[in-house]
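Written below as structure tokens is the structure these notes are about.
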Amino acid sequence: MTAPKFTTLGCRLNAYETEAMKELSQQAGLDNLVVVNTCAVTAEAVRKSRQEIRRLRRENPAAQIVVTGCAAQTEPETFARMAEVDTVIGNTEKMQPETWTGMAANFIGETEKVQVDDIMSVTETAGHLIDGFGTRSRAYVQVQNGCDHRCTFCIIPYGRGNSRSVPAGVVVDQIKRLIDKGYNEVVLTGVDLTSWGADLPAAPKLGDLVMRILKLVPDLPRLRISSIDSIEVDENLMQAIATEPRLMPHLHLSLQHGDDLILKRMARRHLRDDAIRFCEEALKLRPEMTFGADIIAGFPTETEAHFENSLKLVSDCNLTWLHVFPYSKRTGTPAAKIPKQVNGTVIKSRAARLRAAGEARVQSHLAVQIGKTHQVLMENPHMGRTEQFTEVRFATPQQEGQIVTAMILGQDGSQLTA
């Protein structure tokens with residue numbers, strides 16, 4: 001027997017779901033199977049998914065290849081037409097045990113090649129209990145899926161469906177289970193994390209969930225939240241930022257741009273000043289807070305003046321960790337139909353300038369950490385991360401998964417040294 005192989009492209013939620021699929025496929029007794037969990041965020045991501053499928057077929061000529069994930073959900077025919085692919089399953093189907101037991105019973109080749117239902121009809125997200133990511137350091141917990149917003153550049157709602165929340169009790173139970181297994185840090189993850197709770201009874205907010213976790217799981221040393229939409233942050237989350245040292249001082253913000261006109265054309269729900277105001281308030285409440293952000297370079301109609309507002313946002317919001325996305329036309333989105341697309345060379349240049357600004361911020365952040373003491377969660381014997389998610393390199397091996405007190409001695413341009 002050959003154990004199933006899994007390849008994941010894209011976001012942390014995909015990585016989380018891959019772990020759940022591994023367990024489901026093992027429980028079903030499947031073997032000689034290759035599963036590709038695709039990403040649809042850009043046309044380039046879809047291209048990379050196809051490239052990966054072809055590579056895996058060359059390396060595994062006798063295996064059954066299953067394609068799933070957001071790209072499979074949004075354009076199943078693209079993958080069904082590939083000679084390398086045996087089965088295409090949707091984002092809902094991939095998390096259902098019966099999908100995998102059905103494969104085992106029929107051994108894929110005899111089942112329908114495309115099993116992708118309407119994602120918009122899905123009204124619930126199950127709390128999938130997984131044991132983590134094969135490390136003893138950090139565990140990710142899915143608390144939300146889907147998105148109710150329709151940003152003009154984004155295909156993801158059509159791959160993930162509308163927003164669905166995992167009930168707080170299920171989340172707390174899973175975190176307790178992970179703490180019992182020895183994890184010292186848990187990361188809450190979702191597609192649109194700050195929309196958590198809107199579909200649950202009494203419509204609780206993300207801050208309510210955070211406070212409940214910290215109260216009901218007192219043995220949890222570190223709680224981290226992944227990408228959030230700052231305009232949706234509620235009072236309880238701000239209260240947690242101010243008063244809960246176990247909530248890590250690192251927030252990744254879905255900002256996307258720094259110019260009000262472009263933000264409107266993106267159908268974002270915040271303006272430039274909203275982002276700046278949020279960052280200033282969070283820093284007042286938690287002076288050691290660091291911010292990451294997603295920013296798109298070269299959105300249609302973006303002028304040099306528009307772009308300069310994004311560039312200035314890096315310093316105006318005190319951003320440190322930038323995820324810069326050169327805009328690429330995504331078929332099926334309103335932005336793809338905007339006549340005034342930005343020249344590809346200009347997009348590439350602007351993305352490079354944003355990345356350079358981000359790199360300068362990283363260097364400044366590293367420099368001011370020297371001489372400070374940090375609590376570092378070890379990801380492997382020689383590398384861990386501070387509360388602000390900064391990498392720290394150790395010359396002397398430490399125990400993986402443990403939180404160690406470290407004096408920062410220097411930096412090498414990309415990491416702190418301790």
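Labels used: A, B, ... for chains in the order of the structure tokens, numbers from 1 for residues in each chain, and numbers from 1 for ligands as shown.
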Q: Could you give me, as a ChimeraX atom specification, the residues within 12 Å of Ser349 in chain A, counting only C-alpha atoms and dropping anything in the same chain fewer than 5 positions from it?
A: /A:297-298,304,307,324-327,342-344,354-356
Selected residues written out with N, CA and C atoms, as a short mmCIF file (atom, residue, chain, number, x, y, z; two decimals), in the first residue's frame:
data_model
loop_
_atom_site.label_atom_id
_atom_site.label_comp_id
_atom_site.auth_asym_id
_atom_site.auth_seq_id
_atom_site.Cartn_x
_atom_site.Cartn_y
_atom_site.Cartn_z
N ALA A 297 -1.09 45.99 -5.85
CA ALA A 297 -0.47 47.00 -6.70
C ALA A 297 -1.03 46.89 -8.12
N GLY A 298 -1.43 48.05 -8.68
CA GLY A 298 -1.84 48.06 -10.08
C GLY A 298 -3.28 47.70 -10.33
N GLU A 304 -0.38 56.99 -10.68
CA GLU A 304 0.79 57.11 -9.81
C GLU A 304 0.40 57.76 -8.48
N PHE A 307 -1.28 55.21 -6.35
CA PHE A 307 -0.29 54.27 -5.83
C PHE A 307 0.51 54.88 -4.69
N VAL A 324 2.39 41.67 -0.71
CA VAL A 324 2.11 42.50 -1.88
C VAL A 324 1.64 41.63 -3.03
N PHE A 325 0.50 42.00 -3.60
CA PHE A 325 -0.06 41.24 -4.71
C PHE A 325 -0.09 42.12 -5.96
N PRO A 326 0.70 41.80 -6.97
CA PRO A 326 0.55 42.51 -8.24
C PRO A 326 -0.83 42.15 -8.81
N TYR A 327 -1.62 43.13 -9.17
CA TYR A 327 -2.97 42.83 -9.68
C TYR A 327 -2.89 41.99 -10.95
N VAL A 342 -4.10 48.56 -15.87
CA VAL A 342 -2.76 49.12 -15.75
C VAL A 342 -1.76 48.23 -16.48
N ASN A 343 -0.79 48.87 -17.14
CA ASN A 343 0.24 48.15 -17.88
C ASN A 343 1.00 47.19 -16.96
N GLY A 344 1.28 45.99 -17.46
CA GLY A 344 1.91 44.95 -16.66
C GLY A 344 3.28 45.35 -16.12
N LEU A 354 6.57 48.67 -3.41
CA LEU A 354 5.88 48.34 -2.16
C LEU A 354 6.69 47.35 -1.34
N ARG A 355 7.21 46.34 -2.02
CA ARG A 355 8.01 45.33 -1.30
C ARG A 355 9.26 45.96 -0.68
N ALA A 356 9.86 46.89 -1.39
CA ALA A 356 11.05 47.56 -0.85
C ALA A 356 10.69 48.38 0.39
#
Between range 306-336 of chain A and range 140-151 of chain A, at 9 Å or less, what are the per-residue closest atom pairs and their distances in Å? Count only C-alpha atoms, order by chain and rising residue number, and return it as CSV.
residue,atom,partner,partner_atom,distance
A:Thr333,CA,A:Cys151,CA,8.6
A:Pro334,CA,A:Cys151,CA,8.6
A:Ala335,CA,A:Cys151,CA,8.8
Just the selected residues (N, CA and C atoms), exported as an mmCIF file, in the first residue's frame, please.
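Contents of selection_36.cif, freshly written:
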data_model
loop_
_atom_site.group_PDB
_atom_site.id
_atom_site.type_symbol
_atom_site.label_atom_id
_atom_site.label_comp_id
_atom_site.auth_asym_id
_atom_site.auth_seq_id
_atom_site.Cartn_x
_atom_site.Cartn_y
_atom_site.Cartn_z
ATOM 1 N N THR A 333 -14.656 38.233 -12.305
ATOM 2 C CA THR A 333 -14.767 39.301 -11.316
ATOM 3 C C THR A 333 -15.089 40.617 -12.021
ATOM 4 N N PRO A 334 -15.811 41.526 -11.355
ATOM 5 C CA PRO A 334 -16.124 42.824 -11.971
ATOM 6 C C PRO A 334 -14.885 43.623 -12.366
ATOM 7 N N ALA A 335 -13.820 43.535 -11.575
ATOM 8 C CA ALA A 335 -12.614 44.320 -11.878
ATOM 9 C C ALA A 335 -12.009 43.934 -13.221
#
Q: Extract, using only C-alpha atoms, all DNA, RNA and protein residues at most 7 Å from range 239-250 of chain A, discarding same-chain residues fewer than 4 positions from it, and format them as a ChimeraX atom specification.
A: /A:211,221-224,235,285-286,288-291,387-389
Q) Nearest to Ala198 in chain A: which of A:Gly182, A:Pro218, A:Gly10, A:Pro167 is it, counting only C-alpha atoms? A)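 Closest residue, counting only C-alpha atoms: A:Pro167.
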**Q.** In range 152-293 of chain A, DSSP strand (DSSP E) residues written as a count of residues only
**A.** 22
